[in-house]
file input-v1.cif (mmCIF, C-alpha atoms and all ligand atoms)
data_final
loop_
_atom_site.label_atom_id
_atom_site.label_comp_id
_atom_site.auth_asym_id
_atom_site.auth_seq_id
_atom_site.Cartn_x
_atom_site.Cartn_y
_atom_site.Cartn_z
CA MET W 95 25.02 2.63 -4.44
CA LYS W 96 25.54 1.89 -8.07
CA LEU W 97 23.89 4.37 -10.40
CA THR W 98 22.29 2.81 -13.48
CA PHE W 99 20.14 3.91 -16.39
CA ARG W 100 17.42 2.03 -18.25
CA TRP W 101 18.37 1.27 -21.84
CA TYR W 102 15.98 -0.43 -24.28
CA GLY W 103 18.67 -2.20 -26.27
CA GLU W 104 19.76 -1.39 -29.78
CA LYS W 105 16.35 0.10 -30.63
CA ASP W 106 16.73 2.74 -27.92
CA SER W 107 17.23 6.16 -29.47
CA ILE W 108 19.63 7.09 -26.66
CA PRO W 109 23.21 6.06 -27.46
CA LEU W 110 25.11 4.17 -24.79
CA GLN W 111 27.84 6.77 -25.01
CA TYR W 112 25.42 9.48 -23.84
CA ILE W 113 24.48 7.29 -20.90
CA LYS W 114 28.13 6.78 -20.06
CA GLN W 115 28.63 10.57 -20.07
CA ILE W 116 26.23 11.01 -17.14
CA PRO W 117 28.38 11.55 -14.02
CA ASN W 118 29.02 8.44 -11.91
CA MET W 119 27.07 6.15 -14.26
CA SER W 120 28.01 2.51 -13.65
CA GLY W 121 25.81 0.57 -16.01
CA VAL W 122 22.59 -0.05 -17.84
CA VAL W 123 19.41 -1.81 -16.86
CA THR W 124 18.15 -3.68 -19.88
CA ALA W 125 16.50 -6.85 -21.23
CA VAL W 126 16.08 -9.05 -24.28
CA TYR W 127 13.08 -7.46 -25.97
CA ASP W 128 12.46 -9.61 -29.01
CA VAL W 129 11.42 -12.88 -27.36
CA PRO W 130 7.76 -13.55 -26.49
CA VAL W 131 6.92 -13.53 -22.77
CA GLY W 132 7.65 -16.91 -21.22
CA GLU W 133 10.15 -18.10 -23.83
CA LYS W 134 13.89 -18.68 -23.38
CA TRP W 135 16.47 -15.97 -24.00
CA SER W 136 19.44 -17.02 -26.09
CA ASP W 137 23.04 -16.78 -24.93
CA GLU W 138 23.80 -14.97 -28.21
CA SER W 139 21.32 -12.16 -27.48
CA LEU W 140 22.69 -11.74 -23.99
CA ALA W 141 26.30 -11.87 -25.16
CA LYS W 142 25.54 -9.15 -27.70
CA LEU W 143 23.90 -6.87 -25.13
CA LYS W 144 26.79 -7.44 -22.78
CA GLN W 145 29.37 -6.72 -25.46
CA LEU W 146 27.66 -3.48 -26.51
CA THR W 147 27.45 -2.19 -22.96
CA GLN W 148 30.97 -3.28 -22.12
CA ASP W 149 32.32 -1.54 -25.23
CA ALA W 150 30.68 1.66 -23.97
CA GLY W 151 32.41 1.25 -20.60
CA LEU W 152 29.19 0.26 -18.84
CA GLU W 153 28.11 -2.76 -16.79
CA MET W 154 25.03 -4.92 -17.29
CA GLU W 155 24.27 -6.17 -13.82
CA VAL W 156 20.53 -5.51 -13.64
CA ILE W 157 17.82 -6.94 -15.87
CA GLU W 158 14.45 -5.21 -16.02
CA SER W 159 12.51 -7.34 -16.60
CA ILE W 160 12.30 -11.02 -17.22
CA PRO W 161 8.52 -10.82 -17.65
CA VAL W 162 6.28 -13.38 -15.98
CA HIS W 163 3.80 -15.21 -18.23
CA GLU W 164 0.10 -14.78 -17.42
CA ASP W 165 -0.21 -18.58 -17.02
CA ILE W 166 2.16 -18.33 -14.05
CA LYS W 167 0.16 -15.47 -12.56
CA MET W 168 -3.12 -17.29 -13.10
CA GLY W 169 -1.72 -20.66 -12.06
CA CYS W 170 -2.98 -22.43 -15.15
CA GLY W 171 -2.04 -23.74 -18.58
CA LYS W 172 1.66 -24.16 -19.16
CA ARG W 173 2.80 -22.54 -15.92
CA ASP W 174 5.34 -25.24 -15.02
CA GLU W 175 6.88 -25.08 -18.46
CA TYR W 176 7.12 -21.28 -18.23
CA ILE W 177 8.66 -21.53 -14.75
CA ALA W 178 11.26 -23.96 -16.11
CA ASN W 179 12.04 -21.45 -18.88
CA TYR W 180 12.25 -18.69 -16.27
CA CYS W 181 14.83 -20.72 -14.34
CA GLU W 182 16.82 -21.20 -17.54
CA ASN W 183 16.70 -17.46 -18.16
CA LEU W 184 17.95 -16.79 -14.64
CA ARG W 185 20.89 -19.13 -15.20
CA ALA W 186 21.59 -17.52 -18.57
CA VAL W 187 21.63 -13.94 -17.29
CA ALA W 188 23.79 -14.99 -14.34
CA ARG W 189 26.32 -16.43 -16.80
CA HIS W 190 26.58 -12.91 -18.23
CA GLY W 191 27.27 -11.28 -14.89
CA VAL W 192 23.74 -10.19 -13.94
CA LYS W 193 23.16 -9.76 -10.20
CA VAL W 194 19.60 -8.43 -9.94
CA VAL W 195 16.41 -9.24 -11.85
CA CYS W 196 13.49 -6.83 -11.58
CA TYR W 197 10.04 -8.29 -12.36
CA ASN W 198 6.42 -7.69 -11.50
CA PHE W 199 3.37 -9.77 -10.74
CA MET W 200 0.66 -7.40 -11.93
CA PRO W 201 -2.11 -9.11 -13.90
CA VAL W 202 -2.42 -8.05 -17.56
CA PHE W 203 -1.16 -4.48 -17.23
CA ASP W 204 2.08 -3.32 -15.77
CA TRP W 205 1.96 0.44 -15.07
CA LEU W 206 -1.20 2.34 -15.92
CA ARG W 207 -1.71 6.01 -16.76
CA THR W 208 -4.50 8.05 -18.33
CA ASP W 209 -2.19 10.48 -20.14
CA MET W 210 1.31 10.01 -21.49
CA TYR W 211 1.71 13.65 -22.55
CA HIS W 212 0.21 15.63 -19.69
CA LYS W 213 1.16 19.24 -20.31
CA ASN W 214 2.75 20.94 -17.33
CA GLY W 215 2.69 24.69 -16.75
CA ASP W 216 6.33 25.03 -17.79
CA GLY W 217 5.76 23.40 -21.19
CA SER W 218 7.24 20.04 -20.25
CA THR W 219 5.11 16.91 -20.51
CA SER W 220 4.84 13.94 -18.20
CA LEU W 221 2.86 10.81 -17.50
CA SER W 222 -0.19 11.31 -15.34
CA TYR W 223 -3.18 9.51 -13.89
CA SER W 224 -6.50 11.23 -13.49
CA TYR W 225 -9.19 9.64 -11.37
CA GLU W 226 -11.88 11.49 -13.35
CA ASP W 227 -10.54 10.19 -16.66
CA PHE W 228 -10.04 6.70 -15.32
CA ILE W 229 -13.63 6.23 -14.16
CA LYS W 230 -14.81 7.18 -17.66
CA VAL W 231 -12.87 4.26 -19.19
CA ASP W 232 -15.14 1.43 -20.30
CA PRO W 233 -13.45 -1.88 -19.36
CA ASN W 234 -15.38 -3.59 -22.18
CA ASN W 235 -13.95 -1.25 -24.76
CA LEU W 236 -10.51 -0.46 -23.50
CA HIS W 237 -8.21 2.02 -25.16
CA LEU W 238 -5.34 2.86 -22.90
CA PRO W 239 -2.37 5.05 -23.65
CA GLY W 240 0.71 2.89 -23.91
CA TRP W 241 -1.21 -0.39 -23.98
CA ASP W 242 -3.27 -0.15 -27.14
CA GLU W 243 -0.88 -2.24 -29.18
CA SER W 244 0.01 -4.82 -26.55
CA TYR W 245 -3.09 -6.98 -26.94
CA THR W 246 -5.84 -7.38 -29.50
CA PRO W 247 -9.24 -6.30 -28.07
CA GLU W 248 -10.28 -9.98 -27.99
CA GLU W 249 -7.13 -11.04 -26.11
CA LEU W 250 -7.63 -8.28 -23.60
CA GLN W 251 -11.28 -9.16 -22.99
CA GLY W 252 -10.31 -12.83 -22.67
CA LEU W 253 -7.70 -12.03 -20.03
CA LEU W 254 -9.97 -9.71 -18.07
CA LYS W 255 -12.63 -12.43 -18.07
CA ALA W 256 -10.16 -15.13 -16.98
CA TYR W 257 -9.02 -13.00 -14.03
CA LYS W 258 -12.60 -12.55 -12.80
CA SER W 259 -12.30 -15.88 -10.98
CA ILE W 260 -8.89 -15.11 -9.44
CA SER W 261 -8.88 -13.62 -5.97
CA HIS W 262 -6.07 -11.69 -4.30
CA GLU W 263 -5.30 -14.75 -2.25
CA GLN W 264 -5.03 -17.00 -5.28
CA LEU W 265 -2.80 -14.56 -7.08
CA PHE W 266 -0.61 -14.35 -3.99
CA ASN W 267 -0.43 -18.15 -3.77
CA ASN W 268 0.57 -18.27 -7.43
CA LEU W 269 3.36 -15.80 -6.72
CA ILE W 270 4.59 -17.96 -3.86
CA TYR W 271 4.39 -21.10 -6.03
CA PHE W 272 6.57 -19.29 -8.59
CA LEU W 273 9.06 -18.01 -6.00
CA GLU W 274 9.42 -21.35 -4.27
CA ARG W 275 10.63 -22.75 -7.58
CA ILE W 276 12.84 -19.92 -8.77
CA ILE W 277 14.48 -18.71 -5.54
CA PRO W 278 16.62 -21.86 -5.09
CA VAL W 279 17.95 -21.27 -8.62
CA CYS W 280 18.69 -17.62 -7.75
CA GLU W 281 20.55 -18.69 -4.62
CA GLU W 282 22.56 -21.17 -6.65
CA CYS W 283 23.58 -18.64 -9.30
CA GLY W 284 23.89 -15.47 -7.23
CA ILE W 285 20.85 -13.54 -8.43
CA ASN W 286 18.61 -11.34 -6.30
CA MET W 287 15.01 -11.01 -7.39
CA ALA W 288 13.52 -7.54 -6.98
CA ILE W 289 9.75 -7.41 -7.31
CA HIS W 290 8.38 -4.16 -8.69
CA PRO W 291 5.35 -2.79 -6.85
CA ASP W 292 1.95 -2.32 -8.45
CA ASP W 293 1.75 0.92 -10.36
CA PRO W 294 -0.51 2.53 -9.33
CA PRO W 295 -0.76 0.60 -6.07
CA TRP W 296 -4.43 -0.42 -6.17
CA ASP W 297 -6.71 -2.76 -8.13
CA VAL W 298 -7.63 -1.65 -11.65
CA PHE W 299 -10.60 -2.90 -13.72
CA GLY W 300 -11.33 -5.48 -11.04
CA LEU W 301 -7.89 -7.05 -11.50
CA PRO W 302 -6.30 -8.06 -8.20
CA ARG W 303 -3.05 -6.36 -7.21
CA ILE W 304 -0.99 -7.77 -4.37
CA ILE W 305 2.23 -5.71 -4.03
CA SER W 306 0.86 -2.31 -3.11
CA CYS W 307 1.83 -1.57 0.49
CA GLU W 308 3.91 -2.53 3.52
CA ASP W 309 1.52 -5.29 4.63
CA ASP W 310 1.76 -6.92 1.21
CA LEU W 311 5.55 -6.89 1.39
CA ASP W 312 5.62 -8.33 4.89
CA LYS W 313 3.36 -11.14 3.77
CA LEU W 314 5.56 -11.80 0.75
CA PHE W 315 8.84 -11.85 2.70
CA ASN W 316 7.39 -13.98 5.49
CA ALA W 317 6.23 -16.55 2.96
CA VAL W 318 9.62 -16.81 1.23
CA PRO W 319 12.26 -15.61 3.71
CA SER W 320 15.37 -15.89 1.54
CA THR W 321 16.81 -12.42 0.93
CA ALA W 322 17.09 -13.37 -2.73
CA ASN W 323 13.34 -12.64 -2.56
CA GLY W 324 13.65 -8.86 -2.54
CA LEU W 325 12.26 -5.59 -3.71
CA THR W 326 12.55 -2.85 -6.29
CA LEU W 327 11.75 0.15 -4.13
CA CYS W 328 9.92 2.21 -6.73
CA THR W 329 9.20 5.44 -4.91
CA GLY W 330 6.82 6.73 -7.56
CA SER W 331 4.71 3.57 -7.65
CA PHE W 332 4.35 3.19 -3.89
CA GLY W 333 4.22 6.97 -3.60
CA ALA W 334 1.02 7.25 -5.64
CA GLY W 335 -0.65 5.44 -2.73
CA ARG W 336 -1.15 8.10 -0.12
CA GLY W 337 -1.22 5.66 2.75
CA ASN W 338 2.30 4.45 2.00
CA ASP W 339 5.07 5.84 4.19
CA ILE W 340 7.96 5.48 1.77
CA VAL W 341 10.62 6.72 4.21
CA LYS W 342 9.57 4.07 6.72
CA MET W 343 9.43 1.38 4.05
CA ALA W 344 12.85 2.35 2.69
CA ALA W 345 14.37 2.11 6.18
CA LYS W 346 12.65 -1.14 7.09
CA TYR W 347 13.37 -3.12 3.94
CA ALA W 348 16.90 -1.76 3.52
CA ALA W 349 17.64 -2.93 7.07
CA GLN W 350 16.32 -6.38 6.11
CA GLY W 351 18.70 -6.46 3.14
CA ARG W 352 15.77 -6.75 0.75
CA VAL W 353 16.10 -3.58 -1.32
CA HIS W 354 18.18 -4.77 -4.25
CA PHE W 355 17.16 -2.01 -6.62
CA ALA W 356 15.62 1.45 -6.24
CA HIS W 357 13.66 3.39 -8.84
CA LEU W 358 13.82 6.96 -7.64
CA ARG W 359 11.26 9.47 -8.91
CA ASN W 360 8.73 11.88 -7.51
CA VAL W 361 4.97 12.21 -8.00
CA LEU W 362 2.61 15.08 -7.22
CA TRP W 363 -0.83 14.24 -5.83
CA THR W 364 -3.12 16.50 -7.77
CA ASP W 365 -6.52 16.12 -6.08
CA ASP W 366 -8.10 14.55 -3.03
CA LYS W 367 -8.88 11.34 -4.93
CA ASP W 368 -6.21 9.16 -6.55
CA SER W 369 -4.91 11.49 -9.24
CA PHE W 370 -1.23 12.15 -9.62
CA CYS W 371 1.23 13.59 -12.06
CA GLU W 372 4.87 12.61 -12.51
CA THR W 373 7.22 15.51 -11.85
CA GLY W 374 10.92 16.27 -11.92
CA HIS W 375 12.86 14.24 -9.37
CA CYS W 376 13.42 16.93 -6.68
CA SER W 377 11.45 16.86 -3.43
CA VAL W 378 10.28 20.41 -4.00
CA ASP W 379 8.49 19.41 -7.21
CA GLY W 380 6.32 16.63 -5.87
CA SER W 381 4.71 15.03 -2.84
CA LEU W 382 7.59 12.77 -1.77
CA ASP W 383 10.58 13.66 0.36
CA MET W 384 13.35 12.23 -1.80
CA ALA W 385 16.14 13.29 0.56
CA GLN W 386 14.58 11.48 3.53
CA ILE W 387 14.01 8.39 1.38
CA VAL W 388 17.66 8.28 0.29
CA LEU W 389 18.83 8.97 3.84
CA ALA W 390 16.66 6.13 5.15
CA LEU W 391 18.15 3.78 2.56
CA VAL W 392 21.75 4.77 3.25
CA LYS W 393 21.43 4.79 7.04
CA ASN W 394 20.07 1.27 6.88
CA GLY W 395 22.89 -0.18 4.88
CA PHE W 396 21.51 0.00 1.35
CA ASN W 397 24.26 -0.60 -1.14
CA GLY W 398 22.33 -1.67 -4.20
CA TYR W 399 21.47 -0.46 -7.66
CA VAL W 400 19.62 2.77 -8.24
CA ARG W 401 18.20 4.38 -11.31
CA PRO W 402 16.43 7.62 -12.09
CA ASP W 403 12.92 6.69 -13.10
CA HIS W 404 10.43 8.29 -15.46
CA GLY W 405 11.53 11.70 -16.55
CA ARG W 406 9.41 14.39 -18.13
CA ASN W 407 9.96 15.41 -21.73
CA VAL W 408 11.87 18.69 -21.41
CA TRP W 409 13.95 21.02 -23.59
CA GLY W 410 11.94 20.08 -26.69
CA GLU W 411 12.90 16.41 -26.48
CA ASP W 412 10.36 14.03 -27.94
CA GLY W 413 11.54 10.98 -26.03
CA LYS W 414 9.73 7.75 -25.23
CA PRO W 415 7.29 8.90 -22.51
CA GLY W 416 9.08 8.56 -19.18
CA TYR W 417 12.31 7.49 -20.83
CA GLY W 418 13.82 10.49 -22.57
CA LEU W 419 17.42 11.42 -21.90
CA TYR W 420 17.37 14.94 -20.48
CA ASP W 421 15.12 14.77 -17.47
CA ARG W 422 16.44 11.36 -16.45
CA GLY W 423 19.94 12.84 -16.76
CA LEU W 424 18.87 15.65 -14.43
CA GLY W 425 17.38 13.05 -12.10
CA ALA W 426 20.65 11.10 -12.10
CA ALA W 427 22.61 14.22 -11.15
CA TYR W 428 20.20 14.93 -8.31
CA ILE W 429 20.38 11.31 -7.10
CA ASN W 430 24.18 11.52 -7.08
CA GLY W 431 23.95 14.60 -4.87
CA LEU W 432 21.51 13.03 -2.45
CA PHE W 433 23.64 9.91 -2.05
CA GLU W 434 26.90 11.79 -1.68
CA VAL W 435 25.51 13.84 1.17
CA ALA W 436 23.71 10.90 2.79
CA GLU W 437 26.78 8.68 2.63
CA LYS W 438 29.13 11.34 4.04
CA LEU W 439 26.84 12.47 6.81
CA LYS W 440 25.15 9.24 7.87
C1 LIG Q 1 7.79 1.42 -15.78
C2 LIG Q 1 8.62 0.39 -15.15
C3 LIG Q 1 7.88 -0.92 -15.07
C4 LIG Q 1 8.81 -2.01 -14.61
C5 LIG Q 1 8.14 -3.34 -14.47
C6 LIG Q 1 9.08 -4.36 -13.90
O1 LIG Q 1 8.31 2.35 -16.32
O2 LIG Q 1 9.09 0.79 -13.93
O3 LIG Q 1 7.37 -1.22 -16.32
O4 LIG Q 1 9.83 -2.16 -15.55
O5 LIG Q 1 7.02 -3.27 -13.66
O6 LIG Q 1 8.63 -5.62 -14.22
#
call {"tool": "encode", "arguments": {"input": "input-v1.cif", "output": "C-alpha cells"}}
result
Amino acid sequence: MKLTFRWYGEKDSIPLQYIKQIPNMSGVVTAVYDVPVGEKWSDESLAKLKQLTQDAGLEMEVIESIPVHEDIKMGCGKRDEYIANYCENLRAVARHGVKVVCYNFMPVFDWLRTDMYHKNGDGSTSLSYSYEDFIKVDPNNLHLPGWDESYTPEELQGLLKAYKSISHEQLFNNLIYFLERIIPVCEECGINMAIHPDDPPWDVFGLPRIISCEDDLDKLFNAVPSTANGLTLCTGSFGAGRGNDIVKMAAKYAAQGRVHFAHLRNVLWTDDKDSFCETGHCSVDGSLDMAQIVLALVKNGFNGYVRPDHGRNVWGEDGKPGYGLYDRGLGAAYINGLFEVAEKLK
C-alpha cells in the first residue's frame, strides 16, 4: 500500500513538512479548490500543487475530488459540456502524474453530520450523526453544520425541488452515462476512478443515494466492467450502515482489482437507530474491525493508496473538523502497523 494524507492545498493550516514527517508517508491527496464545480482546471494550478508537494518530498498521485456537477447527476442542462470538461481535467491531472481520482455521485450534499464538535468523554471532539437530531431538521429551512455556506437557501431549495422528480434508477443511469464517457479517457491516460460511497449510506431529505451497499456496487461494476471503474473503500461511510459487511466487501472488491483507494477510519454505533459517532481509528474504539478489514484487503491483493480518514480533535488542536493533524497522524501510525503485520503474515 501507499500511505497518503489529505492536504487542502496552500490554504491548509498543516504544513507539507509535517505530513512528510509522518512515518512511511508517500504523498498527499489533494485537489484544485478555487475553480467552480464543472469548470476546467489549469495546468498552472496543477503544476504549482505538484511542485509544492515534490519540494516537500511527497507525491501527488491521488486527487480527491474532481467534483461532479449537479447537471451531470440530474442528467440535464449543460451535462455534456461538463462531461467534456471532466475529461479534460482527467487528461490534465494525468499529465501531472495522477493515478487515481476519487469522486462521488451524491446529490447536493456529500457527507452529512448533525454535529461537527461532538464532545467525547475524554475531552476530544469528533463528527457525529444523531438520528434524533436529524429528524428534527426541517428540509424547508435547512441549516446544516458544514454546509451552511455552500449554497444560498434559495439554491438549496431549488436543488431539493429539482431532485424530487429523479428516482434512484434515473440517478444510476446518469452515473452510467457519465462513466461510459469518461472511462475510455481514463483507460487512455492511465487513471483509475474511485467512487466514494454515500456518507451516511442511506437517502437523506428524500434525495436518492445509489452507492450505499454491496448490491449497489455490483450493479455499478456490472454496468461498466472496466477496472478503471473502481472504488474508494471508505470504511467509515459504509460502516455507518449496519447491514454492510465491510470485511466481506474489502475482500471481494480487492480481489476484483477495484479498490484503488481506501479511507480507513472507525465509527461507533451509538443507538439502535442510525446514530453514530466518529472515533479514533483503532478497532477497540469503534464498531468496525479494522484489523480484519486490512487483512481482507491485503490477502486479496490490494496494493493501492490508503489514507487515514477523519480524525478527532485531540490534544487541544482546533483543526478543521475531521482533518486536524494529530489524530490523523495517530491513525496513520496505526494503519502502518496493521499493514506491516498483514503483509508479513498473509
Ligand atoms: C469527507 C470525504 C468526502 C470525499 C468525497 C469524494 O471527508 O471523504 O468529502 O472527499 O465524497 O468525492
call {"tool": "closest_atom_pairs", "arguments": {"input": "input-v1.cif", "of": "chain W", "to": "ligand LIG 1 (chain Q)", "cutoff": "6 Å", "atoms": "all atoms listed in the file", "output": "JSON lines"}}
result
{"residue": "W:Glu158", "atom": "CA", "partner": "Q:LIG1", "partner_atom": "O4", "distance": 5.6}
{"residue": "W:Ser159", "atom": "CA", "partner": "Q:LIG1", "partner_atom": "O6", "distance": 4.9}
{"residue": "W:Cys196", "atom": "CA", "partner": "Q:LIG1", "partner_atom": "C6", "distance": 5.6}
{"residue": "W:Tyr197", "atom": "CA", "partner": "Q:LIG1", "partner_atom": "O6", "distance": 3.5}
{"residue": "W:Asn198", "atom": "CA", "partner": "Q:LIG1", "partner_atom": "O6", "distance": 4.1}
{"residue": "W:Asp204", "atom": "CA", "partner": "Q:LIG1", "partner_atom": "O5", "distance": 5.4}
{"residue": "W:Trp205", "atom": "CA", "partner": "Q:LIG1", "partner_atom": "O3", "distance": 5.8}
{"residue": "W:His290", "atom": "CA", "partner": "Q:LIG1", "partner_atom": "O5", "distance": 5.2}
call {"tool": "closest_residue", "arguments": {"input": "input-v1.cif", "among": "W:Met119, W:Gly103, W:Pro109, W:Ile340", "to": "Leu143 of chain W", "atoms": "all atoms listed in the file"}}
result
W:Gly103
call {"tool": "closest_residue", "arguments": {"input": "input-v1.cif", "among": "W:Phe355, W:Phe370, W:Phe99, W:Tyr420", "to": "Glu226 of chain W", "atoms": "only C-alpha atoms"}}
result
W:Phe370
call {"tool": "closest_residue", "arguments": {"input": "input-v1.cif", "among": "W:Leu238, W:Ile116, W:Leu391, W:Leu424", "to": "Cys376 of chain W", "atoms": "only C-alpha atoms"}}
result
W:Leu424
call {"tool": "atom_distance", "arguments": {"input": "input-v1.cif", "atom1": "atom CA of Asn286 of chain W", "atom2": "atom CA of Ile177 of chain W"}}
result
16.6 Å
call {"tool": "closest_residue", "arguments": {"input": "input-v1.cif", "among": "W:His354, W:Lys213, W:Arg303, W:Lys255", "to": "Ile157 of chain W", "atoms": "only C-alpha atoms"}}
result
W:His354
call {"tool": "axis_aligned_box", "arguments": {"input": "input-v1.cif", "around": "segment 290-308 of chain W", "padding_each_side": "6 Å", "output": "AutoDock Vina command-line options"}}
result
--center_x -1.5 --center_y -2.8 --center_z -5.1 --size_x 31.7 --size_y 22.6 --size_z 29.2
call {"tool": "closest_residue", "arguments": {"input": "input-v1.cif", "among": "W:Asn360, W:Asn118, W:Ser320, W:Ser261", "to": "Gly405 of chain W", "atoms": "only C-alpha atoms"}}
result
W:Asn360
call {"tool": "residues_around", "arguments": {"input": "input-v1.cif", "residues": "Asp227 of chain W", "least_positions_apart": "6", "cutoff": "10 Å", "atoms": "only C-alpha atoms", "output": "MDAnalysis selection string"}}
result
chainID W and resid 207:209 369
call {"tool": "atom_distance", "arguments": {"input": "input-v1.cif", "atom1": "atom CA of Leu432 of chain W", "atom2": "atom CA of Val122 of chain W"}}
result
20.2 Å
call {"tool": "residues_near_point", "arguments": {"input": "input-v1.cif", "point": "(-4.0, -5.0, -8.2)", "cutoff": "12 Å", "atoms": "all atoms listed in the file", "output": "NGL selection string"}}
result
:W and (198-206 or 257 or 260-263 or 265-266 or 291-307 or 310)
call {"tool": "atom_distance", "arguments": {"input": "input-v1.cif", "atom1": "atom CA of Gly416 of chain W", "atom2": "atom CA of Ser220 of chain W"}}
result
6.9 Å
call {"tool": "residues_near_point", "arguments": {"input": "input-v1.cif", "point": "(12.7, 7.1, 1.3)", "cutoff": "8 Å", "atoms": "only C-alpha atoms", "output": "PDB file with C-alpha atoms, in the frame of the given file"}}
result
ATOM      1  CA  THR W 329       9.200   5.440  -4.910  1.00  0.00           C
ATOM      2  CA  ILE W 340       7.960   5.480   1.770  1.00  0.00           C
ATOM      3  CA  VAL W 341      10.620   6.720   4.210  1.00  0.00           C
ATOM      4  CA  LYS W 342       9.570   4.070   6.720  1.00  0.00           C
ATOM      5  CA  MET W 343       9.430   1.380   4.050  1.00  0.00           C
ATOM      6  CA  ALA W 344      12.850   2.350   2.690  1.00  0.00           C
ATOM      7  CA  ALA W 345      14.370   2.110   6.180  1.00  0.00           C
ATOM      8  CA  ASP W 383      10.580  13.660   0.360  1.00  0.00           C
ATOM      9  CA  MET W 384      13.350  12.230  -1.800  1.00  0.00           C
ATOM     10  CA  ALA W 385      16.140  13.290   0.560  1.00  0.00           C
ATOM     11  CA  GLN W 386      14.580  11.480   3.530  1.00  0.00           C
ATOM     12  CA  ILE W 387      14.010   8.390   1.380  1.00  0.00           C
ATOM     13  CA  VAL W 388      17.660   8.280   0.290  1.00  0.00           C
ATOM     14  CA  LEU W 389      18.830   8.970   3.840  1.00  0.00           C
ATOM     15  CA  ALA W 390      16.660   6.130   5.150  1.00  0.00           C
ATOM     16  CA  LEU W 391      18.150   3.780   2.560  1.00  0.00           C
TER      17      LEU W 391
END
call {"tool": "closest_residue", "arguments": {"input": "input-v1.cif", "among": "W:Tyr225, W:Lys142, W:Asn397, W:Ile289", "to": "Glu104 of chain W", "atoms": "all atoms listed in the file"}}
result
W:Lys142
call {"tool": "closest_atom_pairs", "arguments": {"input": "input-v1.cif", "of": "segment 130-242 of chain W", "to": "segment 251-254 of chain W", "cutoff": "9 Å", "atoms": "only C-alpha atoms", "output": "CSV"}}
result
residue,atom,partner,partner_atom,distance
W:Glu164,CA,W:Leu253,CA,8.7
W:Pro201,CA,W:Leu253,CA,8.8
W:Val202,CA,W:Leu253,CA,7.1
W:Pro233,CA,W:Gln251,CA,8.4
W:Asn234,CA,W:Gln251,CA,7.0
W:Asn235,CA,W:Gln251,CA,8.5
W:Leu236,CA,W:Gln251,CA,8.7
call {"tool": "residues_around", "arguments": {"input": "input-v1.cif", "residues": "Lys393 of chain W", "least_positions_apart": "5", "cutoff": "8 Å", "atoms": "all atoms listed in the file", "output": "VMD selection string"}}
result
chain W and resid 345 436 to 437 440
